[in-house]
Structures are given as C-alpha cells and as structure tokens.
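A.B. asks: Sharing start-v6.txt here; it has compact mmCIF, C-alpha atoms and all ligand atoms.
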```
# COMPACT_ATOMS: atom_id res chain seq x y z
CA MET A 1 -29.05 -102.01 114.41
CA ASN A 2 -30.16 -103.71 111.24
CA LEU A 3 -33.20 -105.76 112.21
CA LYS A 4 -33.75 -107.43 108.85
CA ASN A 5 -34.40 -111.11 109.68
CA ALA A 6 -33.15 -110.57 113.24
CA ALA A 7 -35.08 -112.46 115.89
CA ALA A 8 -36.83 -110.41 118.55
CA VAL A 9 -38.99 -111.18 121.57
CA VAL A 10 -41.76 -108.92 122.82
CA THR A 11 -43.59 -109.91 126.00
CA GLY A 12 -47.09 -108.62 126.51
CA GLY A 13 -47.05 -108.48 122.73
CA GLY A 14 -50.75 -109.20 122.46
CA SER A 15 -51.87 -105.76 123.57
CA GLY A 16 -51.05 -102.09 124.06
CA LEU A 17 -47.40 -101.13 124.18
CA GLY A 18 -46.17 -104.64 123.38
CA ARG A 19 -48.42 -104.92 120.34
CA ALA A 20 -47.26 -101.58 118.94
CA THR A 21 -43.65 -102.58 119.55
CA ALA A 22 -44.03 -106.01 117.94
CA ARG A 23 -45.52 -104.35 114.86
CA ALA A 24 -42.81 -101.69 114.68
CA LEU A 25 -40.01 -104.25 114.93
CA ALA A 26 -41.66 -106.46 112.30
CA GLN A 27 -42.01 -103.40 110.05
CA ARG A 28 -38.20 -103.20 110.12
CA GLY A 29 -37.84 -106.81 109.13
CA ALA A 30 -37.48 -108.48 112.53
CA ARG A 31 -38.95 -111.92 113.14
CA VAL A 32 -40.91 -111.40 116.31
CA GLY A 33 -41.83 -113.90 118.98
CA VAL A 34 -45.04 -112.47 120.45
CA ILE A 35 -45.28 -113.69 124.02
CA ASP A 36 -48.43 -113.17 126.03
CA LEU A 37 -50.51 -114.85 128.70
CA ASP A 38 -53.47 -114.28 126.41
CA ALA A 39 -52.95 -116.81 123.61
CA SER A 40 -55.59 -115.42 121.28
CA ALA A 41 -54.28 -111.87 121.60
CA ALA A 42 -50.75 -113.07 120.85
CA THR A 43 -52.01 -115.03 117.85
CA ALA A 44 -53.93 -112.06 116.45
CA VAL A 45 -50.82 -109.88 116.58
CA ALA A 46 -48.41 -112.56 115.36
CA ASN A 47 -50.64 -113.44 112.41
CA GLY A 48 -50.54 -109.85 111.22
CA ILE A 49 -46.75 -109.61 111.23
CA ASP A 50 -45.67 -113.09 110.23
CA GLY A 51 -44.49 -113.60 113.78
CA LEU A 52 -44.69 -116.47 116.23
CA ALA A 53 -47.38 -116.40 118.92
CA ILE A 54 -46.44 -118.02 122.20
CA ALA A 55 -48.76 -118.36 125.17
CA CYS A 56 -46.60 -117.94 128.24
CA ASP A 57 -46.68 -116.70 131.79
CA VAL A 58 -43.56 -114.57 132.07
CA SER A 59 -43.43 -115.08 135.82
CA ASP A 60 -43.11 -118.85 135.48
CA ALA A 61 -39.59 -120.23 135.02
CA GLU A 62 -40.54 -123.24 132.87
CA SER A 63 -43.17 -121.49 130.79
CA ALA A 64 -40.75 -118.68 129.93
CA ALA A 65 -37.82 -121.03 129.24
CA SER A 66 -39.86 -123.03 126.76
CA ALA A 67 -41.20 -119.83 125.14
CA VAL A 68 -37.67 -118.52 124.60
CA ASP A 69 -36.56 -121.91 123.27
CA ARG A 70 -39.39 -121.82 120.74
CA VAL A 71 -38.33 -118.41 119.48
CA VAL A 72 -34.73 -119.60 119.17
CA GLU A 73 -35.86 -122.70 117.22
CA HIS A 74 -38.07 -120.73 114.87
CA PHE A 75 -36.21 -117.48 114.32
CA GLY A 76 -32.78 -117.91 115.93
CA VAL A 77 -31.30 -116.23 118.98
CA PRO A 78 -32.98 -112.87 119.64
CA ARG A 79 -31.05 -109.65 119.14
CA VAL A 80 -33.81 -107.75 120.89
CA LEU A 81 -35.96 -108.37 123.94
CA VAL A 82 -38.70 -105.91 124.89
CA ASN A 83 -40.40 -106.67 128.21
CA CYS A 84 -43.91 -105.17 128.13
CA ALA A 85 -45.94 -107.82 129.96
CA GLY A 86 -47.38 -106.35 133.10
CA ILE A 87 -50.42 -105.89 135.24
CA GLY A 88 -51.76 -102.85 137.03
CA VAL A 89 -53.69 -103.14 140.27
CA ALA A 90 -55.06 -100.65 142.76
CA ALA A 91 -55.32 -101.51 146.44
CA ARG A 92 -54.74 -99.59 149.62
CA ILE A 93 -52.33 -100.79 152.29
CA VAL A 94 -55.17 -100.51 154.77
CA GLY A 95 -58.43 -100.70 152.90
CA ARG A 96 -62.09 -101.03 153.86
CA ASP A 97 -61.69 -104.80 154.12
CA GLY A 98 -58.48 -104.72 156.12
CA PRO A 99 -54.82 -104.96 155.15
CA HIS A 100 -53.62 -105.20 151.55
CA SER A 101 -53.80 -108.78 150.30
CA LEU A 102 -50.32 -110.23 150.49
CA ASP A 103 -51.18 -112.57 147.60
CA LEU A 104 -52.04 -109.58 145.45
CA PHE A 105 -48.81 -107.79 146.39
CA GLU A 106 -46.83 -110.93 145.58
CA LYS A 107 -48.65 -111.42 142.27
CA VAL A 108 -47.81 -107.92 141.05
CA ILE A 109 -44.16 -108.35 142.02
CA ARG A 110 -44.13 -111.76 140.32
CA VAL A 111 -45.50 -110.58 137.00
CA ASN A 112 -43.99 -107.10 136.72
CA LEU A 113 -40.59 -107.55 138.36
CA ILE A 114 -39.81 -111.26 138.42
CA GLY A 115 -41.37 -111.70 134.97
CA THR A 116 -39.10 -108.98 133.60
CA PHE A 117 -36.01 -110.47 135.19
CA ASN A 118 -37.04 -113.95 134.09
CA LEU A 119 -37.03 -113.04 130.40
CA LEU A 120 -33.95 -110.86 130.79
CA ARG A 121 -31.93 -113.74 132.26
CA LEU A 122 -33.20 -116.35 129.78
CA VAL A 123 -32.77 -114.26 126.63
CA SER A 124 -29.41 -112.81 127.63
CA ALA A 125 -28.11 -116.35 128.28
CA HIS A 126 -28.67 -116.98 124.57
CA MET A 127 -27.54 -113.53 123.42
CA VAL A 128 -24.06 -113.84 124.91
CA ALA A 129 -23.26 -116.53 122.32
CA LEU A 130 -24.27 -114.36 119.34
CA GLU A 131 -21.72 -112.90 116.98
CA PRO A 132 -21.29 -109.15 117.58
CA ILE A 133 -22.98 -107.09 114.87
CA THR A 134 -21.87 -103.56 115.62
CA GLU A 135 -18.41 -102.05 115.30
CA SER A 136 -18.25 -101.70 119.09
CA GLY A 137 -19.02 -105.36 119.63
CA GLY A 138 -22.74 -105.00 120.29
CA ARG A 139 -24.70 -108.24 120.41
CA GLY A 140 -28.17 -107.28 121.52
CA VAL A 141 -30.51 -104.92 123.31
CA ILE A 142 -32.96 -105.45 126.17
CA VAL A 143 -35.67 -102.89 126.88
CA ASN A 144 -37.82 -103.16 129.99
CA THR A 145 -40.98 -101.27 130.87
CA ALA A 146 -41.31 -99.57 134.24
CA SER A 147 -43.67 -96.66 134.92
CA VAL A 148 -43.57 -93.16 136.32
CA ALA A 149 -45.25 -94.84 139.30
CA ALA A 150 -41.77 -96.10 140.17
CA TYR A 151 -41.04 -92.49 141.19
CA GLU A 152 -44.43 -90.95 142.02
CA GLY A 153 -46.64 -93.82 143.03
CA GLN A 154 -50.12 -92.73 143.96
CA VAL A 155 -52.32 -93.81 146.84
CA GLY A 156 -53.30 -97.40 146.09
CA GLN A 157 -50.19 -98.10 144.04
CA ALA A 158 -47.88 -99.57 146.72
CA ALA A 159 -47.61 -102.94 144.98
CA TYR A 160 -47.45 -101.59 141.43
CA SER A 161 -44.90 -98.90 142.32
CA ALA A 162 -42.74 -101.38 144.22
CA SER A 163 -42.74 -103.72 141.22
CA LYS A 164 -41.78 -100.93 138.82
CA GLY A 165 -39.21 -99.52 141.22
CA GLY A 166 -37.60 -102.94 141.12
CA VAL A 167 -37.43 -102.78 137.33
CA VAL A 168 -35.81 -99.34 137.55
CA ALA A 169 -33.23 -100.56 140.08
CA LEU A 170 -32.49 -103.65 138.00
CA THR A 171 -31.55 -101.65 134.93
CA LEU A 172 -28.07 -100.38 135.83
CA PRO A 173 -26.66 -103.54 137.41
CA ALA A 174 -27.98 -105.58 134.48
CA ALA A 175 -26.40 -103.17 132.00
CA ARG A 176 -23.12 -103.24 133.91
CA GLU A 177 -23.03 -107.01 134.11
CA LEU A 178 -23.98 -107.64 130.49
CA ALA A 179 -21.72 -104.89 129.13
CA SER A 180 -18.84 -107.33 128.78
CA SER A 181 -21.04 -109.32 126.38
CA GLY A 182 -22.05 -106.28 124.34
CA ILE A 183 -25.66 -106.43 125.53
CA ARG A 184 -27.31 -103.13 126.41
CA VAL A 185 -30.12 -102.88 128.97
CA LEU A 186 -32.51 -99.94 129.23
CA THR A 187 -35.89 -99.24 130.73
CA ILE A 188 -38.69 -96.97 129.57
CA ALA A 189 -40.86 -95.42 132.28
CA PRO A 190 -44.09 -94.39 130.54
CA GLY A 191 -46.52 -91.85 131.91
CA MET A 192 -50.06 -92.37 130.62
CA ILE A 193 -50.34 -94.09 127.29
CA GLU A 194 -53.67 -94.89 125.69
CA THR A 195 -53.82 -98.68 125.78
CA PRO A 196 -56.50 -101.20 126.78
CA MET A 197 -55.37 -100.51 130.37
CA PHE A 198 -57.19 -97.17 129.93
CA GLY A 199 -59.97 -98.59 127.79
CA GLY A 200 -62.21 -99.21 130.78
CA LEU A 201 -62.13 -95.56 131.85
CA SER A 202 -64.84 -93.14 130.75
CA GLN A 203 -63.96 -90.41 128.27
CA GLU A 204 -64.42 -87.89 131.07
CA VAL A 205 -61.82 -89.59 133.27
CA GLN A 206 -59.46 -89.97 130.32
CA ASP A 207 -59.84 -86.24 129.59
CA GLN A 208 -59.11 -85.42 133.24
CA LEU A 209 -55.98 -87.54 133.16
CA ALA A 210 -54.86 -85.99 129.90
CA ALA A 211 -55.33 -82.50 131.37
CA GLN A 212 -52.63 -83.27 133.97
CA VAL A 213 -49.97 -83.70 131.30
CA PRO A 214 -48.02 -80.43 130.80
CA PHE A 215 -47.29 -81.04 127.12
CA PRO A 216 -48.51 -82.57 124.96
CA ARG A 217 -51.82 -82.31 126.84
CA ARG A 218 -53.04 -85.75 125.91
CA LEU A 219 -52.45 -89.41 126.61
CA GLY A 220 -49.51 -90.92 124.79
CA HIS A 221 -49.91 -93.23 121.83
CA PRO A 222 -48.48 -96.77 121.89
CA LYS A 223 -46.60 -95.95 118.68
CA GLU A 224 -44.66 -93.27 120.60
CA PHE A 225 -43.46 -95.97 122.98
CA ALA A 226 -42.54 -98.19 120.03
CA ALA A 227 -40.66 -95.29 118.42
CA LEU A 228 -38.55 -94.92 121.57
CA VAL A 229 -37.81 -98.64 121.58
CA GLU A 230 -36.58 -98.30 117.99
CA HIS A 231 -34.41 -95.32 118.91
CA ILE A 232 -32.92 -97.22 121.84
CA ILE A 233 -32.09 -100.10 119.54
CA ASP A 234 -30.44 -97.76 117.04
CA ASN A 235 -28.54 -95.50 119.45
CA GLU A 236 -25.73 -97.56 120.88
CA LEU A 237 -24.61 -94.91 123.36
CA LEU A 238 -27.81 -95.35 125.32
CA ASN A 239 -27.25 -97.92 128.04
CA GLY A 240 -28.09 -98.53 131.69
CA GLU A 241 -30.63 -95.71 131.69
CA VAL A 242 -34.29 -95.33 132.57
CA ILE A 243 -36.04 -92.95 130.17
CA ARG A 244 -39.29 -91.29 131.15
CA LEU A 245 -41.82 -91.04 128.33
CA ASP A 246 -44.45 -88.89 129.93
CA GLY A 247 -44.98 -85.35 128.56
CA ALA A 248 -43.39 -84.03 131.79
CA ILE A 249 -46.17 -85.34 134.05
CA ARG A 250 -45.40 -85.73 137.74
CA MET A 251 -48.17 -87.78 139.29
CA GLN A 252 -49.94 -86.28 142.29
CA PRO A 253 -50.61 -88.30 145.47
CA ARG A 254 -54.07 -89.25 144.21
N1 LIG B 301 -50.40 -97.79 129.40
C1 LIG B 301 -49.79 -97.01 130.25
O1 LIG B 301 -50.13 -95.85 130.42
C2 LIG B 301 -48.62 -97.51 131.04
C3 LIG B 301 -47.96 -96.60 131.87
C4 LIG B 301 -46.87 -97.03 132.60
C5 LIG B 301 -46.43 -98.33 132.49
N2 LIG B 301 -47.10 -99.19 131.68
C6 LIG B 301 -46.60 -100.55 131.63
O2 LIG B 301 -46.46 -100.93 130.28
C7 LIG B 301 -46.62 -102.34 130.15
C8 LIG B 301 -47.64 -102.62 129.07
O3 LIG B 301 -48.86 -102.05 129.46
P1 LIG B 301 -50.08 -101.83 128.46
O4 LIG B 301 -50.64 -100.50 128.78
O5 LIG B 301 -49.67 -102.15 127.08
O6 LIG B 301 -51.10 -102.91 129.06
P2 LIG B 301 -52.00 -104.00 128.34
O7 LIG B 301 -52.86 -104.53 129.42
O8 LIG B 301 -52.62 -103.45 127.11
O9 LIG B 301 -50.93 -105.12 127.89
C9 LIG B 301 -50.27 -105.93 128.82
C10 LIG B 301 -50.16 -107.31 128.24
O10 LIG B 301 -49.40 -108.12 129.16
C11 LIG B 301 -49.99 -109.41 129.18
N3 LIG B 301 -49.66 -110.09 130.44
C12 LIG B 301 -50.12 -109.82 131.67
N4 LIG B 301 -49.61 -110.69 132.56
C13 LIG B 301 -48.79 -111.53 131.86
C14 LIG B 301 -47.99 -112.65 132.22
N5 LIG B 301 -47.93 -113.09 133.49
N6 LIG B 301 -47.29 -113.27 131.25
C15 LIG B 301 -47.35 -112.84 129.96
N7 LIG B 301 -48.11 -111.80 129.56
C16 LIG B 301 -48.83 -111.15 130.52
C17 LIG B 301 -51.48 -109.15 129.06
O11 LIG B 301 -52.18 -110.31 128.62
C18 LIG B 301 -51.52 -108.02 128.05
O12 LIG B 301 -51.64 -108.49 126.73
C19 LIG B 301 -47.03 -102.84 131.54
O13 LIG B 301 -45.89 -103.35 132.19
C20 LIG B 301 -47.52 -101.59 132.24
O14 LIG B 301 -47.37 -101.68 133.63
C21 LIG B 301 -48.18 -98.81 130.96
```
Spit out the file's structure as structure tokens when you get a sec.

C.D. replies:
Amino acid sequence: MNLKNAAAVVTGGGSGLGRATARALAQRGARVGVIDLDASAATAVANGIDGLAIACDVSDAESAASAVDRVVEHFGVPRVLVNCAGIGVAARIVGRDGPHSLDLFEKVIRVNLIGTFNLLRLVSAHMVALEPITESGGRGVIVNTASVAAYEGQVGQAAYSASKGGVVALTLPAARELASSGIRVLTIAPGMIETPMFGGLSQEVQDQLAAQVPFPRRLGHPKEFAALVEHIIDNELLNGEVIRLDGAIRMQPR
C-alpha cells in the first residue's frame, strides 16, 4: 500500500514497538497520529517524524474517540491502525498476600484487550467510508499486538496471557466482519523484543532470556516488529492471521 500522505494511527507510539512502528510508517510518508498515555513520550516521537502526538488512554471510550477524531481532523481518515499500547504485569493467582488482585486483572484486560478493541472499532468506523485504494478493493489495515504469552503463558502471567489470548481470538472474527469493507485485520504475537519493558532487567537476566531463543539467539529488535508491520500492510493476501515473531521460542512454565 502506498503510504505517502496516508494517515496512520499507532497506539503506544511513545515507546518500544509502537515508537519503531511510528517511525517506520513516517519513513514511508505516512502522517502518523502517535497515541500514548505518556504525553511527553508521544510528543518526543511525534516531533521527530512530523506526526501528531495525542495523550490518550486507549481503554477509555471518550479519550480514544477524541484521539481518533483529532487524527482524522489533522491527517484525514487513517488507512492504517497499529495497536501497540499495552502493559505487562506479573502476579500469581494465589500469592504471598492472598488471591490475585481482581482490580489488577481487570486493569490488564482493560488496557490490553479492551483498549485494542476500542481503537479497532473507532478507527474501522471511519475506514469503512474511505475510497478503496487497491485493485481488490482494499481500504485499510489494522495490526494488533498480542504476545507468545497468549499461547505459553508463564507462572504469574494469568492476567497478561488472558488479555493477549483475547486479542488473538478477536483477530479472525474482526477480519471476517470487516472483510466486506476491504479492511484487513492481523495480529503479531512477539516473543522477546528489546524494548523499555526489558530495560529494567539486568544484562545477566537479558542474556539468560536471549539464550532461550533457538535462533537468532538474541532478543528481537523493535525494528524487526516494524518491518513485519510494513510487510503486513504491503501483502494483501495476509488477513485474519496471528503471526508469531519470536525466533522459534516456546516459553517454559517459569
Ligand atoms: N517487548 C516485548 O518483548 C513484547 C513481547 C510480547 C508482546 N509485547 C507487547 O507489545 C506491546 C508494546 O510493548 P513494548 O515492549 O513496546 O512496551 P513499552 O512499555 O515500551 O510501550 C508500551 C507503550 O504503551 C503505552 N501505554 C500503556 N498503557 C496505555 C494506555 N492505557 N493508553 C495508551 N497508551 C498506553 C505506554 O505508555 C508505552 O509508551 C505491548 O502490548 C506488549 O504487551 C511486547
């Protein structure tokens, strides 16, 4: 898809995978709405790519609706939505202090799953009115971010895995439903990518994690995620699929 002057939305665009994706799309000429809870992070990224920074909580209906409206006003209706906003938490179902906090479980589901669906519904409601731009009648592309934890959640990942499993399960019905409007929906399930999420870990722990990856024996780079997003945008036959991006890792129980 030709992205020159096309509007795009990247959530979680202030950091990690979202930041790399926002930059890659801008490199191809897209006008990117950089959505993030962290306003200064969004601004720093948007300033570097002539994009539009929008502070927004993706899990909040009003906040997200006004963020999408601002992108539409500034750059037009998005051809591309990449959902990267997310949080990772670790908590046991029965921990030292008792049962898993239900508030924490709900928060992870709200941000990772409901936040993803929230942007998907709002952006696709605009996309359906776009003129098709591919020979097959394609109007736009939505890429979500799950995790390999959707399949091999580790001890302490009940909430996170459930949220990402929801994103995986959402992918096919969303692709089926939006197919009649020429909107494709895919999800990337990353393994371990070196982002600020890993920044807090010592080099030793990072090396141990990297050693679990069959090949390449290292953490992934955010630009490898962004490259897959670009390929998904360009390859129209990809639709309704969840693609693992993980160097063949299969996470162990702990
Ligand atoms: N890095 C990895 O190895 C990895 C692996 C699997 C899945 N993921 C997923 O990829 C996505 C991006 O992760 P990352 O590694 O880039 O993390 P990151 O922490 O670097 O970036 C996440 C961004 O999302 C933003 N965010 C959090 N809650 C938000 C909300 N409610 N509304 C709007 N923005 C919000 C944060 O401010 C942050 O800028 C997440 O969904 C994560 O679960 C990452």

A.B. asks: What separation in Å, quoted to one decimal, exists between CA of Gly88 in chain A and CA of Ser101 in chain A?

C.D. replies: 14.7 Å

A.B. asks: Excluding range 117-130 of chain A and its own-chain neighbours fewer than 6 positions away, which residues fall within 7 Å of it when counting all atoms listed in the file? Please give them as a ChimeraX atom specification.

C.D. replies: /A:58-59,61,64-65,68,77-79,139-140,181

A.B. asks: Show me a table, sorted first by chain and then by increasing residue number, of the residues of chain A having an atom at most 8 Å from ligand LIG 301 (chain B), each with its shortest atom pair and the distance in Å to one decimal, counting all atoms listed in the file and written as a tab-separated table.

C.D. replies:
```
residue	atom	partner	partner_atom	distance
A:Thr11	CA	B:LIG301	N7	6.1
A:Gly12	CA	B:LIG301	O10	3.6
A:Gly13	CA	B:LIG301	O12	6.1
A:Gly14	CA	B:LIG301	O12	4.4
A:Ser15	CA	B:LIG301	O12	4.2
A:Gly16	CA	B:LIG301	O5	3.3
A:Leu17	CA	B:LIG301	O5	3.8
A:Gly18	CA	B:LIG301	O5	5.7
A:Arg19	CA	B:LIG301	O5	7.4
A:Ile35	CA	B:LIG301	C15	6.3
A:Asp36	CA	B:LIG301	N7	3.8
A:Leu37	CA	B:LIG301	C15	4.0
A:Asp38	CA	B:LIG301	O11	4.7
A:Ala41	CA	B:LIG301	O12	6.7
A:Ala42	CA	B:LIG301	O12	7.5
A:Ala55	CA	B:LIG301	C15	7.4
A:Cys56	CA	B:LIG301	C15	5.4
A:Asp57	CA	B:LIG301	N6	3.5
A:Val58	CA	B:LIG301	N6	4.0
A:Ser59	CA	B:LIG301	N5	5.4
A:Asp60	CA	B:LIG301	N5	7.8
A:Asn83	CA	B:LIG301	O13	7.6
A:Cys84	CA	B:LIG301	C7	4.4
A:Ala85	CA	B:LIG301	O10	3.6
A:Gly86	CA	B:LIG301	O13	3.5
A:Ile87	CA	B:LIG301	C12	5.3
A:Gly88	CA	B:LIG301	O14	5.7
A:Arg110	CA	B:LIG301	N5	7.9
A:Val111	CA	B:LIG301	N5	5.0
A:Asn112	CA	B:LIG301	O13	6.2
A:Gly115	CA	B:LIG301	N5	6.9
A:Thr145	CA	B:LIG301	O13	5.5
A:Ala146	CA	B:LIG301	C5	5.6
A:Ser147	CA	B:LIG301	C4	4.0
A:Val148	CA	B:LIG301	C4	6.3
A:Ala149	CA	B:LIG301	C4	7.2
A:Tyr160	CA	B:LIG301	O14	7.8
A:Lys164	CA	B:LIG301	O14	7.7
A:Ala189	CA	B:LIG301	C4	6.2
A:Pro190	CA	B:LIG301	C4	4.4
A:Gly191	CA	B:LIG301	C3	5.0
A:Met192	CA	B:LIG301	O1	3.5
A:Ile193	CA	B:LIG301	O1	3.6
A:Glu194	CA	B:LIG301	N1	5.7
A:Thr195	CA	B:LIG301	O4	4.7
A:Pro196	CA	B:LIG301	O8	4.5
A:Met197	CA	B:LIG301	O7	4.8
A:Phe198	CA	B:LIG301	N1	6.8
A:Leu219	CA	B:LIG301	O1	7.8
A:Gly220	CA	B:LIG301	O1	7.5
A:Pro222	CA	B:LIG301	O5	7.6
```

A.B. asks: Using CA of Asp207 in chain A and CA of Ala20 in chain A as the two end points, give the distance in Å to one decimal.

C.D. replies: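 Taking CA of Asp207 in chain A and CA of Ala20 in chain A, their separation equals 22.5 Å.
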
A.B. asks: Quick one: of A:Ile109, A:Leu238, A:Val34, A:Ile114, who's nearest to Thr21 in chain A, counting only C-alpha atoms?

C.D. replies: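 Checking each of A:Ile109, A:Leu238, A:Val34, A:Ile114 against Thr21 in chain A, counting only C-alpha atoms, the winner is A:Val34.
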
A.B. asks: Would you pick out the contacts of Val242 in chain A at 7 Å or less, using all atoms listed in the file, so that residues sharing its chain but fewer than 4 positions from it are not included, and give the list as an mmCIF file with C-alpha atoms, in the frame of the given file?

C.D. replies:
```
data_model
loop_
_atom_site.group_PDB
_atom_site.id
_atom_site.type_symbol
_atom_site.label_atom_id
_atom_site.label_comp_id
_atom_site.auth_asym_id
_atom_site.auth_seq_id
_atom_site.Cartn_x
_atom_site.Cartn_y
_atom_site.Cartn_z
ATOM 1 C CA VAL A 168 -35.810 -99.340 137.550
ATOM 2 C CA LEU A 186 -32.510 -99.940 129.230
ATOM 3 C CA THR A 187 -35.890 -99.240 130.730
ATOM 4 C CA ILE A 188 -38.690 -96.970 129.570
ATOM 5 C CA ALA A 189 -40.860 -95.420 132.280
#
```

A.B. asks: Between CA of Arg92 in chain A and CA of Arg217 in chain A, what distance in Å does the model show, to one decimal?

C.D. replies: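 Rounded to one decimal, the two atoms are 28.7 Å apart.
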
A.B. asks: Need the neighbours of (-51.2, -85.4, 134.8): which residues are at most 12 Å away, counting only C-alpha atoms, as a short mmCIF file (atom, residue, chain, number, x, y, z; two decimals) with C-alpha atoms, keeping the file's coordinate frame?

C.D. replies:
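Below is the file selection-v8.cif, written as the result:
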```cif
data_model
loop_
_atom_site.label_atom_id
_atom_site.label_comp_id
_atom_site.auth_asym_id
_atom_site.auth_seq_id
_atom_site.Cartn_x
_atom_site.Cartn_y
_atom_site.Cartn_z
CA VAL A 148 -43.57 -93.16 136.32
CA GLU A 152 -44.43 -90.95 142.02
CA GLN A 154 -50.12 -92.73 143.96
CA GLY A 191 -46.52 -91.85 131.91
CA MET A 192 -50.06 -92.37 130.62
CA ILE A 193 -50.34 -94.09 127.29
CA VAL A 205 -61.82 -89.59 133.27
CA GLN A 206 -59.46 -89.97 130.32
CA ASP A 207 -59.84 -86.24 129.59
CA GLN A 208 -59.11 -85.42 133.24
CA LEU A 209 -55.98 -87.54 133.16
CA ALA A 210 -54.86 -85.99 129.90
CA ALA A 211 -55.33 -82.50 131.37
CA GLN A 212 -52.63 -83.27 133.97
CA VAL A 213 -49.97 -83.70 131.30
CA PRO A 214 -48.02 -80.43 130.80
CA PHE A 215 -47.29 -81.04 127.12
CA PRO A 216 -48.51 -82.57 124.96
CA ARG A 217 -51.82 -82.31 126.84
CA ARG A 218 -53.04 -85.75 125.91
CA LEU A 219 -52.45 -89.41 126.61
CA GLY A 220 -49.51 -90.92 124.79
CA ASP A 246 -44.45 -88.89 129.93
CA GLY A 247 -44.98 -85.35 128.56
CA ALA A 248 -43.39 -84.03 131.79
CA ILE A 249 -46.17 -85.34 134.05
CA ARG A 250 -45.40 -85.73 137.74
CA MET A 251 -48.17 -87.78 139.29
CA GLN A 252 -49.94 -86.28 142.29
CA PRO A 253 -50.61 -88.30 145.47
CA ARG A 254 -54.07 -89.25 144.21
#
```

A.B. asks: Compare A:Ala169, A:Ile183, A:Leu113, A:Ala158 by their minimum atom-to-atom distance to Ile133 in chain A, counting only C-alpha atoms, and give me the closest one.

C.D. replies: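 Ranked by minimum distance to Ile133 in chain A, first place goes to A:Ile183.
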
A.B. asks: Give the answer as one residue: which of A:Ile232, A:Val82, A:Ala162, A:Leu245 has the shortest atom-to-atom distance to Val108 in chain A, using all atoms listed in the file?

C.D. replies: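 For Val108 in chain A, the nearest of the candidates is A:Ala162.
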
A.B. asks: Identify which of the residues A:Asn144, A:Ser136, A:Ser66, A:Thr43 lies closest to Leu228 in chain A, counting all atoms listed in the file when measuring atom-to-atom distances.

C.D. replies: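 Under the stated criterion, the closest residue is A:Asn144.
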
A.B. asks: Give the answer as one residue: which of A:Arg96, A:Arg244, A:Arg184, A:Arg23 has the shortest atom-to-atom distance to Val80 in chain A, using all atoms listed in the file?

C.D. replies: A:Arg184
